[in-house]
Every structure is written in C-alpha cells, then in structure tokens.
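K.L.:
File run.cif below, mmCIF, C-alpha atoms:
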```
data_my_file
#
loop_
_atom_site.label_atom_id
_atom_site.label_comp_id
_atom_site.auth_asym_id
_atom_site.auth_seq_id
_atom_site.Cartn_x
_atom_site.Cartn_y
_atom_site.Cartn_z
CA MET A 1 185.64 44.35 119.26
CA ARG A 2 184.51 47.49 121.03
CA VAL A 3 186.91 50.14 119.79
CA ALA A 4 187.76 53.66 120.96
CA VAL A 5 189.84 56.18 119.05
CA LEU A 6 191.46 58.50 121.57
CA GLY A 7 192.09 61.69 119.62
CA CYS A 8 190.36 62.45 116.33
CA GLY A 9 192.62 64.71 114.34
CA ALA A 10 194.04 63.69 110.96
CA ILE A 11 194.87 60.03 111.61
CA GLY A 12 192.39 59.31 114.39
CA GLY A 13 189.61 60.95 112.40
CA LEU A 14 190.32 58.84 109.32
CA ILE A 15 190.26 55.67 111.41
CA LEU A 16 187.01 56.70 113.11
CA GLY A 17 185.28 57.71 109.89
CA TYR A 18 186.25 54.77 107.73
CA LEU A 19 185.65 52.09 110.38
CA SER A 20 182.29 53.61 111.35
CA ARG A 21 180.95 52.35 108.00
CA LYS A 22 182.48 48.89 108.34
CA ASP A 23 180.19 47.45 111.01
CA VAL A 24 182.67 48.25 113.80
CA ASP A 25 181.47 49.27 117.28
CA ILE A 26 183.62 52.40 117.46
CA THR A 27 183.61 55.64 119.47
CA GLY A 28 185.80 58.68 118.98
CA ILE A 29 187.09 60.70 121.92
CA VAL A 30 187.33 64.30 120.78
CA LYS A 31 188.20 67.70 122.17
CA ARG A 32 185.33 69.72 123.61
CA TYR A 33 185.44 72.20 120.71
CA GLN A 34 184.98 69.32 118.23
CA ARG A 35 182.09 67.54 119.88
CA GLU A 36 179.21 69.68 118.61
CA SER A 37 180.48 69.77 115.02
CA PHE A 38 181.06 66.02 114.90
CA SER A 39 177.66 65.29 116.42
CA LEU A 40 175.56 67.75 114.41
CA GLU A 41 177.42 67.98 111.09
CA GLY A 42 179.29 64.67 111.01
CA LEU A 43 182.88 64.11 109.98
CA ARG A 44 183.76 65.27 106.46
CA ILE A 45 186.57 63.35 104.78
CA GLU A 46 187.84 64.45 101.36
CA GLY A 47 190.71 63.32 99.21
CA VAL A 48 191.85 60.10 97.60
CA ARG A 49 188.63 58.19 98.38
CA GLY A 50 186.32 61.01 97.34
CA SER A 51 184.32 63.40 99.50
CA GLN A 52 181.82 62.07 102.03
CA VAL A 53 180.27 62.97 105.37
CA TYR A 54 180.43 60.22 107.99
CA GLU A 55 178.02 59.87 110.88
CA VAL A 56 180.19 59.01 113.87
CA ARG A 57 179.72 58.45 117.59
CA VAL A 58 181.85 60.78 119.69
CA ASP A 59 182.26 62.00 123.24
CA THR A 60 184.85 63.88 125.26
CA ARG A 61 185.44 60.89 127.57
CA LEU A 62 184.69 57.19 127.48
CA LYS A 63 181.67 55.93 129.41
CA GLU A 64 182.00 52.19 128.90
CA LYS A 65 184.80 49.66 128.65
CA VAL A 66 186.42 48.93 125.29
CA ASP A 67 188.52 46.04 123.99
CA LEU A 68 190.82 48.16 121.84
CA ALA A 69 192.00 51.72 122.48
CA ILE A 70 193.63 53.35 119.47
CA VAL A 71 195.74 56.18 120.87
CA ALA A 72 195.82 58.84 118.16
CA THR A 73 196.56 62.00 120.13
CA LYS A 74 199.77 63.93 119.76
CA ILE A 75 202.52 62.21 121.71
CA ASP A 76 202.60 64.87 124.45
CA ASP A 77 198.89 64.27 125.12
CA ILE A 78 199.12 60.48 125.52
CA GLU A 79 199.39 60.42 129.29
CA ASP A 80 196.51 62.86 129.80
CA VAL A 81 194.08 60.91 127.60
CA VAL A 82 195.10 57.59 129.18
CA VAL A 83 194.61 58.89 132.71
CA GLU A 84 191.27 60.52 131.85
CA ASN A 85 189.91 57.29 130.37
CA ASN A 86 191.78 54.79 132.51
CA GLU A 87 188.65 53.25 134.08
CA PHE A 88 187.46 52.08 130.66
CA ILE A 89 190.75 51.14 128.96
CA LYS A 90 192.81 49.63 131.79
CA ASP A 91 192.08 46.09 130.58
CA ALA A 92 192.13 46.90 126.86
CA THR A 93 194.70 46.29 124.17
CA VAL A 94 196.21 49.65 123.19
CA LEU A 95 197.54 50.67 119.79
CA THR A 96 199.93 53.55 119.13
CA THR A 97 199.83 55.61 115.92
CA GLN A 98 202.35 58.36 116.67
CA ASN A 99 205.50 59.13 114.74
CA GLY A 100 208.86 58.51 116.39
CA VAL A 101 209.60 55.60 118.74
CA ARG A 102 208.68 56.95 122.19
CA ALA A 103 204.89 56.49 122.33
CA ASP A 104 205.07 52.80 123.25
CA TYR A 105 207.44 53.52 126.12
CA ILE A 106 205.07 56.16 127.48
CA LEU A 107 202.21 53.64 127.43
CA GLU A 108 204.44 51.08 129.16
CA LYS A 109 203.95 53.11 132.37
CA TYR A 110 200.25 52.17 132.31
CA PHE A 111 199.98 48.87 130.41
CA PRO A 112 202.01 45.64 130.32
CA PRO A 113 204.07 45.38 127.10
CA ARG A 114 202.07 42.32 126.00
CA ARG A 115 198.97 44.54 125.58
CA ILE A 116 200.68 47.29 123.58
CA ILE A 117 200.55 47.15 119.80
CA THR A 118 203.09 49.34 118.02
CA GLY A 119 201.51 50.99 114.99
CA ILE A 120 203.11 52.64 111.99
CA VAL A 121 200.84 54.75 109.79
CA MET A 122 201.92 55.02 106.16
CA PHE A 123 198.89 56.93 104.88
CA GLY A 124 198.79 60.71 105.03
CA ALA A 125 196.09 63.17 106.03
CA THR A 126 195.58 66.82 106.96
CA PHE A 127 193.22 67.89 109.75
CA GLN A 128 191.16 71.05 109.23
CA PRO A 129 189.41 71.77 112.54
CA PRO A 130 186.92 71.12 113.82
CA ASN A 131 185.56 68.26 111.67
CA ARG A 132 187.18 68.13 108.22
CA ILE A 133 190.01 65.87 107.11
CA VAL A 134 191.80 65.68 103.78
CA HIS A 135 193.04 62.15 103.07
CA ASN A 136 196.11 63.01 101.01
CA PHE A 137 197.47 59.59 100.08
CA GLU A 138 196.96 55.90 100.76
CA GLY A 139 199.35 53.64 102.64
CA ASP A 140 199.57 50.61 104.88
CA PHE A 141 198.83 50.30 108.59
CA ILE A 142 201.69 48.28 110.08
CA LEU A 143 201.47 46.50 113.42
CA GLY A 144 203.93 44.82 115.78
CA ASN A 145 205.30 44.98 119.31
CA ILE A 146 208.41 47.04 119.96
CA PHE A 147 209.12 45.07 123.15
CA GLY A 148 209.27 41.72 121.34
CA GLU A 149 206.19 40.43 123.18
CA GLU A 150 203.38 38.33 121.72
CA VAL A 151 200.15 40.34 121.82
CA LYS A 152 197.14 38.09 122.30
CA ASP A 153 194.68 40.19 120.26
CA LEU A 154 197.09 41.25 117.51
CA GLU A 155 195.37 39.23 114.79
CA LYS A 156 191.92 40.43 115.90
CA VAL A 157 193.09 44.03 115.72
CA ARG A 158 194.61 43.45 112.29
CA GLU A 159 191.29 42.05 111.05
CA VAL A 160 189.38 45.09 112.34
CA LEU A 161 191.76 47.63 110.82
CA ASN A 162 191.97 45.68 107.58
CA LYS A 163 188.32 46.51 106.94
CA ALA A 164 189.42 50.05 106.04
CA PHE A 165 193.20 49.96 105.61
CA ARG A 166 195.67 47.46 104.17
CA THR A 167 197.13 46.12 107.41
CA ARG A 168 200.14 43.90 108.00
CA VAL A 169 202.29 42.67 110.86
CA LEU A 170 206.08 43.10 111.08
CA GLU A 171 208.42 41.32 113.47
CA ASN A 172 211.19 43.95 113.45
CA ILE A 173 208.87 46.83 114.23
CA GLN A 174 211.65 48.82 115.92
CA GLY A 175 213.70 48.87 112.72
CA ALA A 176 210.58 49.88 110.78
CA LYS A 177 209.84 52.62 113.32
CA TYR A 178 213.28 54.10 112.80
CA LEU A 179 212.90 53.95 109.03
CA LYS A 180 209.59 55.81 109.45
CA VAL A 181 211.53 58.47 111.35
CA PHE A 182 213.29 59.17 108.06
CA VAL A 183 209.93 59.47 106.28
CA ASN A 184 208.94 62.19 108.76
CA LEU A 185 212.37 63.73 109.29
CA ASN A 186 211.79 66.52 106.79
CA ASN A 187 208.41 67.67 108.19
CA CYS A 188 210.38 70.16 110.25
CA ILE A 189 211.42 72.24 107.23
CA PRO A 190 207.97 73.27 105.88
CA ALA A 191 207.00 73.83 109.55
CA ILE A 192 209.80 76.37 109.98
CA LEU A 193 208.79 78.09 106.73
CA GLY A 194 205.02 77.84 107.27
CA VAL A 195 204.36 76.38 103.82
CA SER A 196 203.23 73.11 102.24
CA MET A 197 205.59 70.23 101.51
CA GLN A 198 205.25 70.89 97.80
CA GLU A 199 206.15 74.58 98.10
CA ALA A 200 209.08 73.98 100.45
CA PHE A 201 210.73 71.19 98.49
CA GLY A 202 210.13 72.75 95.09
CA ASP A 203 213.17 74.81 96.12
CA LEU A 204 216.36 72.85 95.42
CA ASP A 205 218.35 74.64 98.13
CA ILE A 206 215.74 73.63 100.68
CA SER A 207 215.81 70.08 99.33
CA GLU A 208 219.59 70.06 99.81
CA LEU A 209 219.01 70.92 103.45
CA ALA A 210 216.65 67.94 103.72
CA ILE A 211 219.30 65.62 102.28
CA ARG A 212 221.88 66.95 104.75
CA LEU A 213 219.48 66.25 107.62
CA ASN A 214 218.91 62.72 106.38
CA LYS A 215 222.60 62.00 105.84
CA GLU A 216 223.41 63.06 109.39
CA ALA A 217 220.53 60.99 110.79
CA TYR A 218 221.48 57.91 108.75
CA TYR A 219 225.04 58.09 110.05
CA VAL A 220 223.77 58.27 113.65
CA VAL A 221 221.37 55.33 113.22
CA GLU A 222 223.99 53.22 111.45
CA LYS A 223 226.65 53.88 114.10
CA SER A 224 224.06 53.08 116.81
CA ARG A 225 223.77 49.59 115.24
CA ILE A 226 220.05 49.86 114.62
CA GLU A 227 218.97 47.55 111.80
CA LEU A 228 216.43 49.39 109.67
CA GLN A 229 213.46 47.35 108.45
CA ASP A 230 211.84 47.81 105.02
CA LEU A 231 208.44 49.48 105.03
CA PRO A 232 205.78 48.59 102.44
CA GLY A 233 206.52 50.72 99.40
CA TYR A 234 209.61 52.16 101.04
CA PRO A 235 212.57 49.75 101.20
CA GLU A 236 215.58 50.76 103.27
CA GLU A 237 217.73 50.33 100.15
CA ARG A 238 215.96 53.26 98.49
CA LEU A 239 216.95 55.57 101.33
CA ARG A 240 220.50 54.24 101.41
CA LYS A 241 220.98 54.71 97.65
CA LEU A 242 219.58 58.24 97.76
CA LEU A 243 221.86 59.26 100.63
CA SER A 244 224.92 57.71 98.97
CA MET A 245 224.57 60.17 96.08
CA GLU A 246 226.23 63.56 95.88
CA THR A 247 224.04 66.04 97.79
CA LYS A 248 222.88 68.13 94.82
CA GLN A 249 221.94 65.08 92.77
CA ALA A 250 220.06 63.55 95.71
CA ALA A 251 218.29 66.88 96.35
CA SER A 252 217.00 67.00 92.78
CA ILE A 253 215.51 63.51 93.05
CA PHE A 254 214.10 64.25 96.51
CA SER A 255 212.45 67.43 95.23
CA GLN A 256 210.68 65.53 92.44
CA ILE A 257 209.38 62.95 94.91
CA MET A 258 208.10 65.44 97.46
CA THR A 259 206.40 67.78 95.00
CA SER A 260 204.39 64.92 93.52
CA LEU A 261 203.17 63.35 96.80
CA SER A 262 199.65 64.77 96.64
CA LYS A 263 197.46 66.90 94.40
CA GLU A 264 196.25 68.72 97.50
CA PRO A 265 198.71 70.90 99.45
CA LEU A 266 200.31 68.58 102.01
CA TYR A 267 201.06 70.02 105.43
CA GLY A 268 203.18 67.82 107.68
CA SER A 269 202.15 66.96 111.22
CA ILE A 270 204.61 69.42 112.75
CA LEU A 271 203.20 72.40 110.87
CA GLN A 272 199.63 71.28 111.55
CA SER A 273 200.37 71.38 115.28
CA ILE A 274 202.01 74.81 115.09
CA LYS A 275 199.07 76.27 113.18
CA ARG A 276 196.75 75.07 115.94
CA GLY A 277 198.96 76.61 118.61
CA LYS A 278 200.06 73.18 119.86
CA LYS A 279 203.50 71.83 120.70
CA SER A 280 204.70 69.71 117.80
CA GLU A 281 206.30 66.26 117.73
CA VAL A 282 209.69 67.52 116.49
CA ASP A 283 211.33 66.41 119.75
CA TYR A 284 210.30 62.83 118.90
CA ILE A 285 211.42 62.90 115.25
CA ASN A 286 214.52 65.03 114.70
CA GLY A 287 214.88 65.07 118.47
CA GLU A 288 215.02 61.27 118.46
CA ILE A 289 218.12 61.48 116.26
CA VAL A 290 219.65 63.98 118.69
CA ARG A 291 218.79 61.71 121.64
CA LEU A 292 220.22 58.65 119.90
CA ALA A 293 223.42 60.50 119.02
CA SER A 294 223.88 61.73 122.58
CA HIS A 295 223.23 58.24 123.98
CA ASN A 296 226.02 56.89 121.76
CA ASN A 297 228.48 59.74 122.37
CA MET A 298 227.95 61.33 118.96
CA GLU A 299 226.76 64.70 117.77
CA ALA A 300 223.85 65.51 115.47
CA SER A 301 224.38 69.25 115.18
CA LEU A 302 222.15 69.90 112.17
CA ASN A 303 219.16 68.00 113.58
CA ARG A 304 219.76 69.70 116.93
CA LYS A 305 219.71 73.11 115.21
CA ILE A 306 216.50 72.24 113.36
CA VAL A 307 214.79 71.21 116.60
CA SER A 308 215.72 74.56 118.16
CA LEU A 309 214.36 76.44 115.13
CA VAL A 310 211.03 74.60 115.27
CA ASN A 311 210.85 75.30 119.01
CA ARG A 312 211.48 78.99 118.24
CA VAL A 313 208.63 79.08 115.72
CA GLU A 314 206.35 77.29 118.20
CA ALA A 315 207.10 79.91 120.85
CA SER A 316 206.96 83.00 118.64
CA GLY A 317 204.39 82.02 116.02
CA LYS A 318 206.68 83.65 113.46
CA PHE A 319 207.86 81.60 110.48
CA LEU A 320 211.27 82.06 108.86
CA THR A 321 211.84 82.99 105.23
CA ARG A 322 213.80 80.51 103.13
CA ASP A 323 216.81 82.85 103.17
CA GLU A 324 216.66 83.16 106.96
CA LEU A 325 216.49 79.38 107.31
CA LEU A 326 219.37 78.74 104.95
CA LYS A 327 221.48 81.32 106.79
CA GLU A 328 220.73 79.64 110.15
CA VAL A 329 221.91 76.23 108.92
CA ALA A 330 224.81 77.36 106.74
#
```
When written as structure tokens, how does the structure in this file appear?
P.N.:
Amino acid sequence: MRVAVLGCGAIGGLILGYLSRKDVDITGIVKRYQRESFSLEGLRIEGVRGSQVYEVRVDTRLKEKVDLAIVATKIDDIEDVVVENNEFIKDATVLTTQNGVRADYILEKYFPPRRIITGIVMFGATFQPPNRIVHNFEGDFILGNIFGEEVKDLEKVREVLNKAFRTRVLENIQGAKYLKVFVNLNNCIPAILGVSMQEAFGDLDISELAIRLNKEAYYVVEKSRIELQDLPGYPEERLRKLLSMETKQAASIFSQIMTSLSKEPLYGSILQSIKRGKKSEVDYINGEIVRLASHNNMEASLNRKIVSLVNRVEASGKFLTRDELLKEVA
C-alpha cells in the first residue's frame, strides 16, 4: 500500500519512522518548520527500542495519490489537513489515531463510513520539535469501525501496521474508545501544573483529584448505557475495581501506577500541545464526558471545571501551583 502519515508529531512520527524501515512506501506530511530538519537530519527516535536516526520521506503536502491516509494531527487540525490533501486522499482508506471519540465523525464529512478505520493507540510517545521523539512505552494499535461498517482494506491495513506495532481488530471499538478516554482522562492535571505525569501523580492529593475525575466520568458513562470494551492490557474490570475503592486507597494505587509508567519523564498530549502554543485536545477527552453528561441530562461539574482550567492555562500560558489547583477543585 502507498501510505501517508498526515501529521508527524509523537504518534505520527513513530509510525513514519518505524514503518520506513519495514519496506513500506510511506510519506510523512509535516509542518513547514519540520521539513528541513526531517530531510537533512532525519527523524531521531529514542526510548524503549533504543536510539536511532531514521531516514524518512516528508513533504508539506501530498503530491501523489495514496491508498491509506493515517490522520495523526491534533483533532482540531483534521479538517485542514484533509482539505489541503483532498486531491490525493479522496479515494483512500483513512485511519484515525486521535484520543477521544470525535475524530471519526469529523472525517465522516469527507469520507463514507466504510472507508474510515477507527484507531486506538496504546503506545506512548513525547514529541520534541522539530524532529525528535521519545518512545516512552510499548502498546497495541487497535483497529475497528465506530460506525459498524465493514472496511474493505481493514486486514491490509492491519498487516501493514503489524510490521512495526502489535495490531489487532476489535468489533466494539466504540466501547474501547470510551475506555481509552479513561486512560487519557488524567492528562489534564499535569497540563494544568506544567509538570510530568510522574511528578504530578507522585503527590497523593493530586492523585485523589484524578480518582475523583474518574469516578465522575465512570458514573456518566455507565448512566449513558455505554458498554465499555476491554483494551489489551487494560481490562474494564481493572478500572471498575479501582473506582469502587475508597478514594484515598484508590489514589495510593493510582499514584504507584502512574509514577512507574516510564523511566523518561512522561508528558501527556495535552501538556505537549500547551508547550507548543497549540490548543489541546481536552475538549475531546474531559470535554467528551461533559458533552455526554449534558446529552443525557446529567452534570459532570468536576470534569467541566478541569476543562475550564486547561482552557485558562492555554490562553494565559501560566501554570497553576498544586495548591492553587486543589483550591480550585475543592
């Protein structure tokens, strides 16, 4: 397959780099400021698979048709990159990689549902502009179709991705997407504080806040009658058991998990966006819980408050101290 990766930050860059050495005809579509560094210096990937420089083919726009377009931009940039490259991807199969559940519905404006593959990324990475990525931890690449359609090239795409990532197909991809929301739900907290995951959740009071966020979100999802689907290495039962505990006990366990995720400092996607002066995806993660609650005549006041705090940090560029944050959500 002729493959394009539209957006080469943390996830898109990993896909581009790893597949470029697996006999895949692949091109990365990058920002203008990245193009020279990628072309002259290559793409440096460090982390769990060692440190290597990858020679990759990149451009700022596509110049020939592709069979598969992997959309790896931030969710707010999806429409722009699709419109800019429409001539060369209009007949392609498209694959989403974004967190939250909205990306597929954005693409539905431009592609029939039967050509949209819903992706869930379980590996973690940190982008250090313009051309360095830290691959923090391994994980599966999960594929499906959120619309319940049969995608003709799904197995072909799985075979391509499986050359670099352990890839599997799930039928209930919507339920898995919502479970992944819980995986990302706490990215907002280090983003508000401007620190790594490990530093933020080494604080038990901050970990208690994370548990409160999750408990509220779980109640909303459960009352909305969404059936969560197990993710590889992350069964729904694990989340349910954690959230059934008393908050302090759950916070202690959560803190241990989060501080041992990676040897390298791990910066969530929301904070990475803020540090680059970009709008984050908080409206599609915690904001998805707020949207779901509103749609079902419920309230998600804590997640709503957290979204407003992230939006404040985005606008001001000023992070809160842990005491300021805890006071805001008391």
K.L.:
Please expand the PyMOL selection byres ((chain A and resi 20-23) around 9) into the concrete residues it hits in this file, giving the result as a ChimeraX atom specification.
P.N.:
/A:15-19,24-27,54-57,160,163-164
K.L.:
Check what the PyMOL selection byres ((chain A and resi 273-275) around 9) selects in the file above and give those residues as a PyMOL selection string.
P.N.:
chain A and resi 74+191+194+268-272+276-281+313-314+317
K.L.:
To one decimal place in Å, what is the distance between atom CA of Val30 of chain A and atom CA of Val307 of chain A?
P.N.:
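Atom-to-atom, atom CA of Val30 of chain A and atom CA of Val307 of chain A are spaced 28.6 Å apart.
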K.L.:
Mind giving me the straight-line distance from atom CA of Pro113 of chain A to atom CA of Asn145 of chain A in Å, one decimal?
P.N.:
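Calculated distance between atom CA of Pro113 of chain A and atom CA of Asn145 of chain A is 7.9 Å.
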K.L.:
Nearest to Ile75 of chain A: which of A:Ser316, A:Thr60, A:Gln98, A:Asn131 is it, counting all atoms listed in the file?
P.N.:
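For Ile75 of chain A, the nearest of the given residues is A:Gln98.
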K.L.:
Determine the residue membership of the PyMOL selection byres ((chain A and resi 252) around 12) for the file above and supply it as a VMD selection string.
P.N.:
chain A and resid 201 to 211 242 245 to 251 253 to 259
K.L.:
Go ahead and dump the residues you just picked, C-alpha atoms, as a PDB file, keeping the file's coordinate frame.
P.N.:
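As written to disk, result_1.pdb reads:
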```
ATOM      1  CA  PHE A 201     210.730  71.190  98.490  1.00  0.00           C
ATOM      2  CA  GLY A 202     210.130  72.750  95.090  1.00  0.00           C
ATOM      3  CA  ASP A 203     213.170  74.810  96.120  1.00  0.00           C
ATOM      4  CA  LEU A 204     216.360  72.850  95.420  1.00  0.00           C
ATOM      5  CA  ASP A 205     218.350  74.640  98.130  1.00  0.00           C
ATOM      6  CA  ILE A 206     215.740  73.630 100.680  1.00  0.00           C
ATOM      7  CA  SER A 207     215.810  70.080  99.330  1.00  0.00           C
ATOM      8  CA  GLU A 208     219.590  70.060  99.810  1.00  0.00           C
ATOM      9  CA  LEU A 209     219.010  70.920 103.450  1.00  0.00           C
ATOM     10  CA  ALA A 210     216.650  67.940 103.720  1.00  0.00           C
ATOM     11  CA  ILE A 211     219.300  65.620 102.280  1.00  0.00           C
ATOM     12  CA  LEU A 242     219.580  58.240  97.760  1.00  0.00           C
ATOM     13  CA  MET A 245     224.570  60.170  96.080  1.00  0.00           C
ATOM     14  CA  GLU A 246     226.230  63.560  95.880  1.00  0.00           C
ATOM     15  CA  THR A 247     224.040  66.040  97.790  1.00  0.00           C
ATOM     16  CA  LYS A 248     222.880  68.130  94.820  1.00  0.00           C
ATOM     17  CA  GLN A 249     221.940  65.080  92.770  1.00  0.00           C
ATOM     18  CA  ALA A 250     220.060  63.550  95.710  1.00  0.00           C
ATOM     19  CA  ALA A 251     218.290  66.880  96.350  1.00  0.00           C
ATOM     20  CA  ILE A 253     215.510  63.510  93.050  1.00  0.00           C
ATOM     21  CA  PHE A 254     214.100  64.250  96.510  1.00  0.00           C
ATOM     22  CA  SER A 255     212.450  67.430  95.230  1.00  0.00           C
ATOM     23  CA  GLN A 256     210.680  65.530  92.440  1.00  0.00           C
ATOM     24  CA  ILE A 257     209.380  62.950  94.910  1.00  0.00           C
ATOM     25  CA  MET A 258     208.100  65.440  97.460  1.00  0.00           C
ATOM     26  CA  THR A 259     206.400  67.780  95.000  1.00  0.00           C
TER      27      THR A 259
END
```
K.L.:
With distances taken over all atoms listed in the file, which residue among A:Asp230, A:Asp67, A:Glu138, A:Glu36 lies nearest Asp153 of chain A?
P.N.:
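Once distances to Asp153 of chain A are computed over all atoms listed in the file, the minimum belongs to A:Asp67.
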K.L.:
Need to verify the contact set: segment 122-126 of chain A, 9 Å, only C-alpha atoms, exclusion of same-chain residues closer than 3 positions in sequence. Can you return it as a ChimeraX atom specification?
P.N.:
/A:9-11,14,47,132-142,180,231-232,266-269,272
K.L.:
Next, the residues of the selection above should be written as a PDB file, keeping the file's coordinate frame with C-alpha atoms.
P.N.:
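What ended up in selection.pdb:
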```pdb
ATOM      1  CA  GLY A   9     192.620  64.710 114.340  1.00  0.00           C
ATOM      2  CA  ALA A  10     194.040  63.690 110.960  1.00  0.00           C
ATOM      3  CA  ILE A  11     194.870  60.030 111.610  1.00  0.00           C
ATOM      4  CA  LEU A  14     190.320  58.840 109.320  1.00  0.00           C
ATOM      5  CA  GLY A  47     190.710  63.320  99.210  1.00  0.00           C
ATOM      6  CA  ARG A 132     187.180  68.130 108.220  1.00  0.00           C
ATOM      7  CA  ILE A 133     190.010  65.870 107.110  1.00  0.00           C
ATOM      8  CA  VAL A 134     191.800  65.680 103.780  1.00  0.00           C
ATOM      9  CA  HIS A 135     193.040  62.150 103.070  1.00  0.00           C
ATOM     10  CA  ASN A 136     196.110  63.010 101.010  1.00  0.00           C
ATOM     11  CA  PHE A 137     197.470  59.590 100.080  1.00  0.00           C
ATOM     12  CA  GLU A 138     196.960  55.900 100.760  1.00  0.00           C
ATOM     13  CA  GLY A 139     199.350  53.640 102.640  1.00  0.00           C
ATOM     14  CA  ASP A 140     199.570  50.610 104.880  1.00  0.00           C
ATOM     15  CA  PHE A 141     198.830  50.300 108.590  1.00  0.00           C
ATOM     16  CA  ILE A 142     201.690  48.280 110.080  1.00  0.00           C
ATOM     17  CA  LYS A 180     209.590  55.810 109.450  1.00  0.00           C
ATOM     18  CA  LEU A 231     208.440  49.480 105.030  1.00  0.00           C
ATOM     19  CA  PRO A 232     205.780  48.590 102.440  1.00  0.00           C
ATOM     20  CA  LEU A 266     200.310  68.580 102.010  1.00  0.00           C
ATOM     21  CA  TYR A 267     201.060  70.020 105.430  1.00  0.00           C
ATOM     22  CA  GLY A 268     203.180  67.820 107.680  1.00  0.00           C
ATOM     23  CA  SER A 269     202.150  66.960 111.220  1.00  0.00           C
ATOM     24  CA  GLN A 272     199.630  71.280 111.550  1.00  0.00           C
TER      25      GLN A 272
END
```
K.L.:
For the atom pair atom CA of Glu199 of chain A and atom CA of Leu261 of chain A, what is the interatomic distance in Å to one decimal place?
P.N.:
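Separating atom CA of Glu199 of chain A from atom CA of Leu261 of chain A is a distance of 11.7 Å.
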K.L.:
Choose the residue, out of A:Thr167, A:Ser301, A:Thr321, A:Gln174, that has the smallest atom-to-atom separation from Gly100 of chain A; count only C-alpha atoms.
P.N.:
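Nearest candidate to Gly100 of chain A out of A:Thr167, A:Ser301, A:Thr321, A:Gln174: A:Gln174.
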K.L.:
Taking 6 positions as the minimum chain separation for residues in the same chain, which residues sit within 10 Å of Met298 of chain A when counting only C-alpha atoms? Answer as a JSON list (two decimals) with C-alpha atoms, keeping the file's coordinate frame.
P.N.:
```
[["chain", "number", "residue", "atom", "x", "y", "z"],
["A", 219, "TYR", "CA", 225.04, 58.09, 110.05],
["A", 220, "VAL", "CA", 223.77, 58.27, 113.65],
["A", 223, "LYS", "CA", 226.65, 53.88, 114.10],
["A", 224, "SER", "CA", 224.06, 53.08, 116.81],
["A", 290, "VAL", "CA", 219.65, 63.98, 118.69],
["A", 291, "ARG", "CA", 218.79, 61.71, 121.64],
["A", 292, "LEU", "CA", 220.22, 58.65, 119.90]]
```
K.L.:
Go through A:Arg114, A:Arg61, A:Lys177, A:Arg240 one by one, measure the shortest atom-to-atom distance of each to Ile285 of chain A using all atoms listed in the file, and give the residue with the smallest value.
P.N.:
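Ranking A:Arg114, A:Arg61, A:Lys177, A:Arg240 by distance to Ile285 of chain A, first place goes to A:Lys177.
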K.L.:
Because the input lacks atoms here, generate N, CA and C atoms for segment 96-107 of chain A and report them as a compact mmCIF listing (two decimals), in the coordinates of the input.
P.N.:
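Result file rebuild.txt:
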```
# COMPACT_ATOMS: atom_id res chain seq x y z
N THR A 96 199.35 52.23 119.37
CA THR A 96 199.93 53.55 119.13
C THR A 96 199.90 53.88 117.64
N THR A 97 199.83 55.16 117.32
CA THR A 97 199.83 55.61 115.92
C THR A 97 200.84 56.73 115.69
N GLN A 98 201.52 57.16 116.74
CA GLN A 98 202.35 58.36 116.67
C GLN A 98 203.65 58.11 115.90
N ASN A 99 204.18 59.19 115.36
CA ASN A 99 205.50 59.13 114.74
C ASN A 99 206.58 59.03 115.82
N GLY A 100 207.80 58.69 115.42
CA GLY A 100 208.86 58.51 116.39
C GLY A 100 208.75 57.14 117.04
N VAL A 101 209.55 56.92 118.09
CA VAL A 101 209.60 55.60 118.74
C VAL A 101 209.26 55.66 120.22
N ARG A 102 208.85 56.80 120.75
CA ARG A 102 208.68 56.95 122.19
C ARG A 102 207.30 56.61 122.71
N ALA A 103 206.27 56.64 121.85
CA ALA A 103 204.89 56.49 122.33
C ALA A 103 204.69 55.19 123.10
N ASP A 104 205.24 54.09 122.60
CA ASP A 104 205.07 52.80 123.25
C ASP A 104 205.67 52.79 124.65
N TYR A 105 206.78 53.49 124.82
CA TYR A 105 207.44 53.52 126.12
C TYR A 105 206.66 54.38 127.11
N ILE A 106 205.95 55.38 126.62
CA ILE A 106 205.07 56.16 127.48
C ILE A 106 203.91 55.29 127.96
N LEU A 107 203.32 54.51 127.05
CA LEU A 107 202.21 53.64 127.43
C LEU A 107 202.65 52.52 128.36
```
